[in-house]
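So this one's data-v3.cif, mmCIF, N, CA and C atoms:
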```
data_run
loop_
_atom_site.label_atom_id
_atom_site.label_comp_id
_atom_site.auth_asym_id
_atom_site.auth_seq_id
_atom_site.Cartn_x
_atom_site.Cartn_y
_atom_site.Cartn_z
N MET A 1 17.59 -10.56 8.43
CA MET A 1 16.36 -9.80 8.33
C MET A 1 16.57 -8.65 7.37
N LEU A 2 15.71 -8.56 6.37
CA LEU A 2 15.81 -7.48 5.40
C LEU A 2 15.12 -6.22 5.91
N LYS A 3 15.52 -5.10 5.38
CA LYS A 3 14.97 -3.82 5.81
C LYS A 3 13.65 -3.50 5.12
N ILE A 4 13.34 -4.20 4.04
CA ILE A 4 12.09 -3.97 3.31
C ILE A 4 11.30 -5.27 3.27
N LYS A 5 10.01 -5.16 3.57
CA LYS A 5 9.14 -6.34 3.62
C LYS A 5 7.96 -6.18 2.66
N LYS A 6 7.24 -7.27 2.46
CA LYS A 6 6.05 -7.25 1.62
C LYS A 6 5.01 -6.30 2.23
N GLY A 7 4.41 -5.46 1.38
CA GLY A 7 3.40 -4.53 1.85
C GLY A 7 3.93 -3.14 2.16
N ASP A 8 5.25 -2.95 2.19
CA ASP A 8 5.85 -1.63 2.45
C ASP A 8 5.69 -0.73 1.23
N ASN A 9 5.59 0.57 1.48
CA ASN A 9 5.62 1.55 0.40
C ASN A 9 7.05 2.00 0.22
N ILE A 10 7.51 2.04 -1.04
CA ILE A 10 8.91 2.38 -1.31
C ILE A 10 9.01 3.47 -2.37
N LEU A 11 10.20 4.09 -2.44
CA LEU A 11 10.54 5.08 -3.45
C LEU A 11 11.70 4.51 -4.25
N VAL A 12 11.60 4.52 -5.59
CA VAL A 12 12.66 4.00 -6.45
C VAL A 12 13.72 5.08 -6.62
N LEU A 13 14.99 4.74 -6.37
CA LEU A 13 16.10 5.69 -6.44
C LEU A 13 16.84 5.65 -7.77
N LYS A 14 16.89 4.49 -8.43
CA LYS A 14 17.66 4.35 -9.67
C LYS A 14 16.86 3.58 -10.71
N GLY A 15 17.24 3.77 -11.97
CA GLY A 15 16.61 3.04 -13.06
C GLY A 15 15.61 3.89 -13.81
N LYS A 16 14.89 3.23 -14.73
CA LYS A 16 13.96 3.96 -15.61
C LYS A 16 12.75 4.50 -14.86
N ASP A 17 12.44 3.95 -13.70
CA ASP A 17 11.29 4.39 -12.91
C ASP A 17 11.70 5.24 -11.70
N ARG A 18 12.84 5.94 -11.80
CA ARG A 18 13.35 6.76 -10.71
C ARG A 18 12.32 7.80 -10.27
N GLY A 19 12.10 7.91 -8.96
CA GLY A 19 11.16 8.89 -8.43
C GLY A 19 9.75 8.36 -8.21
N LYS A 20 9.44 7.19 -8.75
CA LYS A 20 8.10 6.63 -8.59
C LYS A 20 8.00 5.89 -7.25
N THR A 21 6.78 5.81 -6.74
CA THR A 21 6.53 5.07 -5.51
C THR A 21 5.59 3.91 -5.79
N GLY A 22 5.64 2.91 -4.95
CA GLY A 22 4.79 1.74 -5.12
C GLY A 22 4.80 0.86 -3.90
N LYS A 23 3.98 -0.17 -3.95
CA LYS A 23 3.85 -1.11 -2.85
C LYS A 23 4.57 -2.41 -3.19
N VAL A 24 5.32 -2.95 -2.25
CA VAL A 24 6.08 -4.17 -2.48
C VAL A 24 5.12 -5.36 -2.54
N ALA A 25 5.18 -6.11 -3.64
CA ALA A 25 4.30 -7.26 -3.83
C ALA A 25 4.98 -8.56 -3.40
N ARG A 26 6.31 -8.64 -3.61
CA ARG A 26 7.02 -9.89 -3.32
C ARG A 26 8.48 -9.58 -3.01
N VAL A 27 9.08 -10.38 -2.12
CA VAL A 27 10.48 -10.21 -1.74
C VAL A 27 11.21 -11.52 -1.97
N PHE A 28 12.37 -11.45 -2.65
CA PHE A 28 13.22 -12.62 -2.86
C PHE A 28 14.43 -12.47 -1.95
N LEU A 29 14.45 -13.22 -0.85
CA LEU A 29 15.49 -13.08 0.17
C LEU A 29 16.88 -13.43 -0.34
N SER A 30 17.01 -14.58 -1.01
CA SER A 30 18.34 -15.05 -1.42
C SER A 30 18.95 -14.16 -2.50
N GLU A 31 18.12 -13.58 -3.38
CA GLU A 31 18.62 -12.74 -4.46
C GLU A 31 18.69 -11.27 -4.08
N ARG A 32 18.11 -10.88 -2.92
CA ARG A 32 18.05 -9.49 -2.45
C ARG A 32 17.36 -8.59 -3.47
N LYS A 33 16.23 -9.09 -4.00
CA LYS A 33 15.44 -8.34 -4.98
C LYS A 33 13.99 -8.29 -4.52
N ILE A 34 13.27 -7.28 -5.03
CA ILE A 34 11.85 -7.14 -4.72
C ILE A 34 11.07 -6.89 -6.00
N ILE A 35 9.77 -7.20 -5.95
CA ILE A 35 8.87 -6.87 -7.05
C ILE A 35 7.87 -5.85 -6.50
N VAL A 36 7.73 -4.72 -7.23
CA VAL A 36 6.86 -3.64 -6.82
C VAL A 36 5.75 -3.51 -7.85
N GLU A 37 4.52 -3.33 -7.38
CA GLU A 37 3.36 -3.22 -8.26
C GLU A 37 3.49 -1.99 -9.16
N GLY A 38 3.42 -2.19 -10.48
CA GLY A 38 3.43 -1.10 -11.44
C GLY A 38 4.78 -0.48 -11.72
N ILE A 39 5.86 -1.03 -11.20
CA ILE A 39 7.20 -0.49 -11.39
C ILE A 39 8.06 -1.52 -12.13
N ASN A 40 8.96 -1.06 -13.00
CA ASN A 40 9.86 -1.91 -13.78
C ASN A 40 9.08 -2.92 -14.61
N LEU A 41 8.12 -2.42 -15.38
CA LEU A 41 7.27 -3.30 -16.18
C LEU A 41 8.03 -3.87 -17.37
N ILE A 42 7.86 -5.18 -17.59
CA ILE A 42 8.50 -5.91 -18.67
C ILE A 42 7.39 -6.43 -19.59
N THR A 43 7.57 -6.30 -20.90
CA THR A 43 6.59 -6.79 -21.86
C THR A 43 6.86 -8.26 -22.15
N LYS A 44 5.82 -9.08 -22.02
CA LYS A 44 5.95 -10.51 -22.29
C LYS A 44 4.97 -10.85 -23.42
N HIS A 45 5.46 -11.56 -24.42
CA HIS A 45 4.64 -11.96 -25.56
C HIS A 45 4.10 -13.35 -25.30
N ILE A 46 2.79 -13.53 -25.50
CA ILE A 46 2.15 -14.82 -25.26
C ILE A 46 1.60 -15.35 -26.58
N LYS A 47 1.96 -16.59 -26.91
CA LYS A 47 1.46 -17.23 -28.12
C LYS A 47 0.00 -17.62 -27.95
N PRO A 48 -0.74 -17.69 -29.07
CA PRO A 48 -2.12 -18.15 -28.97
C PRO A 48 -2.15 -19.64 -28.61
N LYS A 49 -3.07 -20.03 -27.74
CA LYS A 49 -3.15 -21.42 -27.30
C LYS A 49 -3.94 -22.29 -28.27
N THR A 50 -4.99 -21.72 -28.84
CA THR A 50 -5.81 -22.48 -29.79
C THR A 50 -5.89 -21.73 -31.11
N GLN A 51 -6.33 -22.44 -32.14
CA GLN A 51 -6.45 -21.83 -33.46
C GLN A 51 -7.59 -20.80 -33.44
N GLY A 52 -7.36 -19.66 -34.05
CA GLY A 52 -8.36 -18.60 -34.07
C GLY A 52 -8.18 -17.58 -32.95
N GLN A 53 -7.41 -17.95 -31.95
CA GLN A 53 -7.14 -17.02 -30.84
C GLN A 53 -5.93 -16.16 -31.20
N LYS A 54 -5.90 -14.91 -30.75
CA LYS A 54 -4.79 -14.03 -31.05
C LYS A 54 -3.74 -14.07 -29.94
N GLY A 55 -2.51 -13.76 -30.33
CA GLY A 55 -1.44 -13.65 -29.35
C GLY A 55 -1.59 -12.33 -28.59
N GLU A 56 -0.90 -12.23 -27.46
CA GLU A 56 -1.03 -11.04 -26.63
C GLU A 56 0.33 -10.52 -26.19
N LYS A 57 0.34 -9.26 -25.80
CA LYS A 57 1.48 -8.67 -25.11
C LYS A 57 0.98 -8.28 -23.73
N ILE A 58 1.61 -8.80 -22.69
CA ILE A 58 1.21 -8.43 -21.34
C ILE A 58 2.40 -7.79 -20.63
N HIS A 59 2.11 -6.96 -19.65
CA HIS A 59 3.15 -6.28 -18.88
C HIS A 59 3.21 -6.90 -17.48
N ILE A 60 4.42 -7.32 -17.09
CA ILE A 60 4.67 -7.94 -15.79
C ILE A 60 5.70 -7.09 -15.06
N ALA A 61 5.53 -6.95 -13.75
CA ALA A 61 6.52 -6.22 -12.94
C ALA A 61 7.76 -7.08 -12.76
N GLY A 62 8.91 -6.53 -13.12
CA GLY A 62 10.18 -7.23 -12.98
C GLY A 62 10.83 -6.93 -11.64
N PRO A 63 11.82 -7.72 -11.25
CA PRO A 63 12.47 -7.50 -9.96
C PRO A 63 13.41 -6.30 -9.97
N ILE A 64 13.53 -5.65 -8.81
CA ILE A 64 14.43 -4.51 -8.59
C ILE A 64 15.34 -4.87 -7.42
N ASP A 65 16.59 -4.47 -7.49
CA ASP A 65 17.51 -4.71 -6.39
C ASP A 65 17.10 -3.86 -5.19
N ILE A 66 17.23 -4.42 -3.99
CA ILE A 66 16.83 -3.73 -2.77
C ILE A 66 17.65 -2.46 -2.54
N SER A 67 18.89 -2.44 -3.02
CA SER A 67 19.74 -1.26 -2.81
C SER A 67 19.28 -0.06 -3.63
N ASN A 68 18.38 -0.26 -4.60
CA ASN A 68 17.92 0.82 -5.46
C ASN A 68 16.59 1.43 -5.01
N VAL A 69 16.14 1.09 -3.80
CA VAL A 69 14.88 1.63 -3.28
C VAL A 69 15.07 2.11 -1.85
N LYS A 70 14.18 3.02 -1.42
CA LYS A 70 14.15 3.50 -0.04
C LYS A 70 12.75 3.32 0.50
N LEU A 71 12.64 3.00 1.75
CA LEU A 71 11.36 2.81 2.41
C LEU A 71 10.72 4.17 2.70
N ILE A 72 9.41 4.28 2.51
CA ILE A 72 8.67 5.48 2.89
C ILE A 72 8.07 5.20 4.26
N CYS A 73 8.46 6.00 5.24
CA CYS A 73 8.01 5.82 6.63
C CYS A 73 6.51 6.10 6.72
N PRO A 74 5.73 5.19 7.34
CA PRO A 74 4.29 5.42 7.45
C PRO A 74 3.91 6.58 8.39
N SER A 75 4.78 6.92 9.34
CA SER A 75 4.42 7.99 10.28
C SER A 75 4.82 9.37 9.78
N CYS A 76 6.03 9.54 9.23
CA CYS A 76 6.46 10.87 8.77
C CYS A 76 6.31 11.04 7.26
N LEU A 77 5.98 9.98 6.53
CA LEU A 77 5.74 9.98 5.08
C LEU A 77 6.93 10.51 4.26
N LYS A 78 8.16 10.23 4.73
CA LYS A 78 9.37 10.61 4.01
C LYS A 78 10.16 9.36 3.66
N ALA A 79 10.91 9.43 2.55
CA ALA A 79 11.79 8.32 2.17
C ALA A 79 12.95 8.31 3.16
N THR A 80 13.19 7.17 3.77
CA THR A 80 14.17 7.11 4.85
C THR A 80 14.96 5.82 4.83
N ARG A 81 16.07 5.84 5.53
CA ARG A 81 16.82 4.61 5.76
C ARG A 81 16.17 3.88 6.93
N VAL A 82 16.44 2.60 7.04
CA VAL A 82 15.84 1.79 8.09
C VAL A 82 16.92 1.32 9.05
N GLY A 83 16.64 1.45 10.34
CA GLY A 83 17.54 0.96 11.36
C GLY A 83 16.85 -0.12 12.17
N PHE A 84 17.59 -0.75 13.04
CA PHE A 84 17.03 -1.79 13.89
C PHE A 84 17.25 -1.45 15.35
N GLU A 85 16.29 -1.86 16.18
CA GLU A 85 16.37 -1.64 17.61
C GLU A 85 15.89 -2.91 18.29
N LYS A 86 16.65 -3.37 19.28
CA LYS A 86 16.25 -4.59 19.99
C LYS A 86 15.33 -4.24 21.14
N ASN A 87 14.18 -4.87 21.14
CA ASN A 87 13.23 -4.77 22.23
C ASN A 87 13.46 -5.98 23.13
N LYS A 88 12.71 -6.12 24.20
CA LYS A 88 12.89 -7.28 25.07
C LYS A 88 12.59 -8.59 24.36
N GLN A 89 11.50 -8.58 23.55
CA GLN A 89 11.11 -9.82 22.89
C GLN A 89 11.56 -9.94 21.44
N LYS A 90 11.58 -8.82 20.71
CA LYS A 90 11.89 -8.94 19.28
C LYS A 90 12.69 -7.74 18.76
N LYS A 91 13.13 -7.87 17.53
CA LYS A 91 13.91 -6.86 16.83
C LYS A 91 12.94 -6.00 16.02
N LEU A 92 12.99 -4.68 16.18
CA LEU A 92 12.08 -3.78 15.50
C LEU A 92 12.79 -2.96 14.44
N ARG A 93 12.09 -2.66 13.35
CA ARG A 93 12.61 -1.73 12.34
C ARG A 93 12.22 -0.33 12.79
N ILE A 94 13.16 0.62 12.68
CA ILE A 94 12.85 2.00 13.05
C ILE A 94 13.22 2.93 11.90
N CYS A 95 12.51 4.05 11.82
CA CYS A 95 12.77 5.10 10.85
C CYS A 95 13.96 5.91 11.35
N LYS A 96 14.95 6.17 10.50
CA LYS A 96 16.12 6.92 10.90
C LYS A 96 15.84 8.42 11.03
N LYS A 97 14.72 8.90 10.43
CA LYS A 97 14.40 10.33 10.51
C LYS A 97 13.56 10.67 11.73
N CYS A 98 12.47 9.93 11.95
CA CYS A 98 11.58 10.27 13.07
C CYS A 98 11.75 9.36 14.28
N LYS A 99 12.59 8.33 14.16
CA LYS A 99 12.92 7.39 15.26
C LYS A 99 11.71 6.60 15.78
N LYS A 100 10.66 6.45 14.95
CA LYS A 100 9.49 5.66 15.36
C LYS A 100 9.58 4.26 14.74
N ALA A 101 8.94 3.32 15.40
CA ALA A 101 8.94 1.92 14.95
C ALA A 101 8.07 1.76 13.70
N ILE A 102 8.54 0.92 12.79
CA ILE A 102 7.80 0.59 11.57
C ILE A 102 7.33 -0.85 11.71
N ASN A 103 6.01 -1.07 11.59
CA ASN A 103 5.52 -2.45 11.71
C ASN A 103 5.45 -3.12 10.40
#
```

Would you give me this structure, written as structure tokens?
Amino acid sequence: MLKIKKGDNILVLKGKDRGKTGKVARVFLSERKIIVEGINLITKHIKPKTQGQKGEKIHIAGPIDISNVKLICPSCLKATRVGFEKNKQKKLRICKKCKKAIN
């Protein structure tokens, strides 16, 4: 179980977008990478498909390693580490600062 899931708000700790926040759009479990909306943008060049059409440059969000981001707790609104706590039925993620459960 990863500490960051799709839909979480995160803070980028390293790289060209250090200090920016965003929402997780996709998680790659096997590679331990995530894609965040509007962060780590990569320019992709697209060829024209038909004659008379122009080529384009589009910006796509590239993957970031999970170790380079921190979760922003929804209850205390601070960047925090994530811990786990076993409940009777399931395993819960908890904020290490305010000790509240993160859904």

- Message: Residues within 10 Å of stretch 68-80 of chain A, please, as number ranges by chain. Count only C-alpha atoms; anything in the same chain fewer than 3 positions from it doesn't count.
- Response: A: 3-5, 8-15, 18-23, 33-34, 64-65, 83, 94-103

- Check the DSSP output for the backbone and give back, as a count of residues only, the residues of chain A in strand (DSSP E). 49

- Could you tell me which of A:Ile35, A:Ser30, A:Lys88, A:Asn40 comes closest to A:Lys16 if we count only C-alpha atoms? A:Asn40

- Applied to the shown file, which residues does the PyMOL selection byres ((chain A and resi 45) around 8) return, written as a list of chain:residue names?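 Residues picked by the PyMOL selection byres ((chain A and resi 45) around 8): A:Ile42, A:Thr43, A:Lys44, A:Ile46, A:Lys47, A:Pro48, A:Gly55, A:Glu56, A:Lys57, A:Ile58, A:His59.
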
- Query: How far is it from atom C of A:Lys49 to atom C of A:Gly62, in Å with one decimal?
  - Reply: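 Pair atom C of A:Lys49 / atom C of A:Gly62 returns 27.0 Å.
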